[in-house]
Amino acid sequence: MAARDDLARVFADRGDGGRRLARELRRRSWVDPLVLGLARGGVPVAAVVARRLGAELDVVVARKIGAPGRREYGVGAVTADGPAIYDEAILRTLELTALRMTRTADRERAEARRRLERYRAGRPPVRVAGRDVVLVDDGLATGVTATAALRELRAARPRTVVFATPVAAPGAAARLRGEADDVVCVAEPPSFRAVGQWYADFHQIGDEDVLDLLDR
């Protein structure tokens, strides 16, 4: 895992993050590589990585499960087809249970399916089995959405699965190592507060942006 000083940890935009991440990933050998962008923000990063690795590009959707009345405060995550996962420590702190969050989880799963169907636009799912898969996001904060996506990917029997991101919160990458064969990031700044603080341009990515990148 590469280390950089604080100034070098500021990326111009997601494309810059992808280029610098690709430099780390190109040091490795890959077998039939597949790069998956975690929608939405991970897709622009993944598109650059896929081009630099000469790999196929596709998308994964994982949705955060927000706390009651605080939708932006994630207590868990769910993919289009996988089971919901939760941060048990956060559930205990908020005096919540997985059972109580079932309706929210079902709603987010349905939204994940809707988005995935739109992004694939009738294309069949890409083959994962037997391939080296790189799951890419634009940043790693708590890791709960990444964990949900990695567990769904594992069920598809890849040869290896690596999680890769330009920037991660201290300790977040280490927590993912039990889910992925490896975790690669350009920077783990000690003053991490949010992913967006490490990008000069961190504009919102829409569905049309994702579709355009996949169509290319």
# chains A, B, ... in the order shown; residues from 1 in each chain; ligands from 1

call {"tool": "residues_around", "arguments": {"residues": "stretch 104-111 of chain A", "least_positions_apart": "6", "cutoff": "10 Å", "atoms": "only C-alpha atoms", "output": "list in words"}}
result
Val61, Ala62, Arg63, Lys64, Ile65, Gly66, Ala67, Pro68, Arg71, Gly76, Ala77, Val78, Thr79, Ala80, Asp81, Gly82, Pro83, Ala84, Ile85, Ala98 and Glu117 of chain A

call {"tool": "write_last_selection", "arguments": {"atoms": "C-alpha atoms", "output": "short mmCIF file (atom, residue, chain, number, x, y, z; two decimals), in the first residue's frame"}}
result
data_model
loop_
_atom_site.label_atom_id
_atom_site.label_comp_id
_atom_site.auth_asym_id
_atom_site.auth_seq_id
_atom_site.Cartn_x
_atom_site.Cartn_y
_atom_site.Cartn_z
CA VAL A 61 -24.55 -1.28 -6.98
CA ALA A 62 -24.56 -1.27 -3.18
CA ARG A 63 -26.95 0.92 -1.21
CA LYS A 64 -26.43 2.34 2.24
CA ILE A 65 -29.08 1.50 4.85
CA GLY A 66 -29.65 4.72 6.75
CA ALA A 67 -30.65 5.12 10.38
CA PRO A 68 -34.30 6.06 11.08
CA ARG A 71 -30.76 8.50 6.06
CA GLY A 76 -25.56 -1.11 7.01
CA ALA A 77 -25.69 -1.78 3.28
CA VAL A 78 -27.31 -4.05 0.74
CA THR A 79 -26.72 -5.02 -2.89
CA ALA A 80 -29.25 -5.93 -5.58
CA ASP A 81 -29.12 -9.64 -4.72
CA GLY A 82 -27.08 -10.13 -1.57
CA PRO A 83 -28.22 -10.11 2.07
CA ALA A 84 -28.19 -6.92 4.09
CA ILE A 85 -25.15 -6.44 6.31
CA ALA A 98 -31.50 -5.80 11.96
CA GLU A 117 -31.09 -2.92 -14.48
#

call {"tool": "closest_atom_pairs", "arguments": {"of": "stretch 39-96 of chain A", "to": "stretch 8-23 of chain A", "cutoff": "12 Å", "atoms": "only C-alpha atoms", "output": "tab-separated table"}}
result
residue	atom	partner	partner_atom	distance
A:Arg40	CA	A:Arg14	CA	11.5
A:Gly41	CA	A:Arg14	CA	8.1
A:Gly42	CA	A:Arg14	CA	8.2
A:Val43	CA	A:Arg14	CA	9.0
A:Pro44	CA	A:Arg14	CA	6.1
A:Val45	CA	A:Gly18	CA	4.3
A:Ala46	CA	A:Gly18	CA	6.5
A:Ala47	CA	A:Gly18	CA	7.7
A:Val48	CA	A:Gly18	CA	5.3
A:Val49	CA	A:Ala22	CA	5.0
A:Ala50	CA	A:Ala22	CA	8.3
A:Arg51	CA	A:Ala22	CA	9.0
A:Arg52	CA	A:Ala22	CA	6.4
A:Leu53	CA	A:Ala22	CA	7.3
A:Gly54	CA	A:Ala22	CA	10.8
A:Ala55	CA	A:Ala22	CA	11.5

call {"tool": "write_last_selection", "arguments": {"atoms": "N, CA and C atoms", "output": "compact mmCIF listing (two decimals), in the first residue's frame"}}
result
# COMPACT_ATOMS: atom_id res chain seq x y z
N ARG A 40 -22.42 5.23 -7.43
CA ARG A 40 -22.10 5.83 -8.70
C ARG A 40 -20.65 6.32 -8.75
N GLY A 41 -20.17 6.90 -7.65
CA GLY A 41 -18.90 7.61 -7.67
C GLY A 41 -17.69 6.78 -8.04
N GLY A 42 -17.76 5.47 -7.85
CA GLY A 42 -16.62 4.63 -8.18
C GLY A 42 -16.45 4.36 -9.66
N VAL A 43 -17.50 4.61 -10.45
CA VAL A 43 -17.45 4.25 -11.87
C VAL A 43 -16.46 5.11 -12.66
N PRO A 44 -16.40 6.44 -12.45
CA PRO A 44 -15.39 7.22 -13.18
C PRO A 44 -13.95 6.80 -12.83
N VAL A 45 -13.72 6.42 -11.61
CA VAL A 45 -12.39 5.94 -11.20
C VAL A 45 -12.12 4.60 -11.86
N ALA A 46 -13.10 3.72 -11.82
CA ALA A 46 -12.96 2.38 -12.39
C ALA A 46 -12.74 2.42 -13.90
N ALA A 47 -13.39 3.38 -14.58
CA ALA A 47 -13.24 3.48 -16.03
C ALA A 47 -11.79 3.75 -16.42
N VAL A 48 -11.13 4.63 -15.66
CA VAL A 48 -9.71 4.92 -15.93
C VAL A 48 -8.86 3.70 -15.63
N VAL A 49 -9.13 3.05 -14.50
CA VAL A 49 -8.36 1.85 -14.13
C VAL A 49 -8.51 0.77 -15.19
N ALA A 50 -9.73 0.55 -15.66
CA ALA A 50 -9.97 -0.49 -16.66
C ALA A 50 -9.19 -0.20 -17.94
N ARG A 51 -9.20 1.06 -18.38
CA ARG A 51 -8.44 1.40 -19.59
C ARG A 51 -6.95 1.15 -19.40
N ARG A 52 -6.42 1.53 -18.26
CA ARG A 52 -4.98 1.38 -18.01
C ARG A 52 -4.58 -0.08 -17.86
N LEU A 53 -5.49 -0.91 -17.37
CA LEU A 53 -5.18 -2.33 -17.20
C LEU A 53 -5.57 -3.15 -18.43
N GLY A 54 -6.25 -2.53 -19.39
CA GLY A 54 -6.75 -3.29 -20.53
C GLY A 54 -7.79 -4.29 -20.13
N ALA A 55 -8.64 -3.90 -19.17
CA ALA A 55 -9.61 -4.83 -18.57
C ALA A 55 -11.03 -4.47 -18.98

call {"tool": "select_by_dssp", "arguments": {"residues": "chain A", "states": "strand (DSSP E)", "output": "PyMOL selection string"}}
result
chain A and resi 34-38+56-60+62-67+70-79+85-86+132-136+160-167+182-187

call {"tool": "closest_atom_pairs", "arguments": {"of": "stretch 125-197 of chain A", "to": "stretch 34-39 of chain A", "cutoff": "8 Å", "atoms": "only C-alpha atoms", "output": "CSV"}}
result
residue,atom,partner,partner_atom,distance
A:Val128,CA,A:Leu34,CA,7.6
A:Arg131,CA,A:Leu34,CA,6.9
A:Asp132,CA,A:Leu34,CA,6.3
A:Val133,CA,A:Leu34,CA,4.8
A:Val134,CA,A:Val35,CA,4.8
A:Leu135,CA,A:Leu36,CA,4.9
A:Val136,CA,A:Gly37,CA,4.9
A:Asp137,CA,A:Leu38,CA,5.3
A:Ala146,CA,A:Leu38,CA,8.0

call {"tool": "select_by_dssp", "arguments": {"residues": "stretch 162-196 of chain A", "states": "alpha helix (DSSP H)", "output": "PyMOL selection string"}}
result
chain A and resi 172-176

call {"tool": "atom_distance", "arguments": {"atom1": "atom CA of A:Arg92", "atom2": "atom CA of A:Leu153"}}
result
27.8 Å
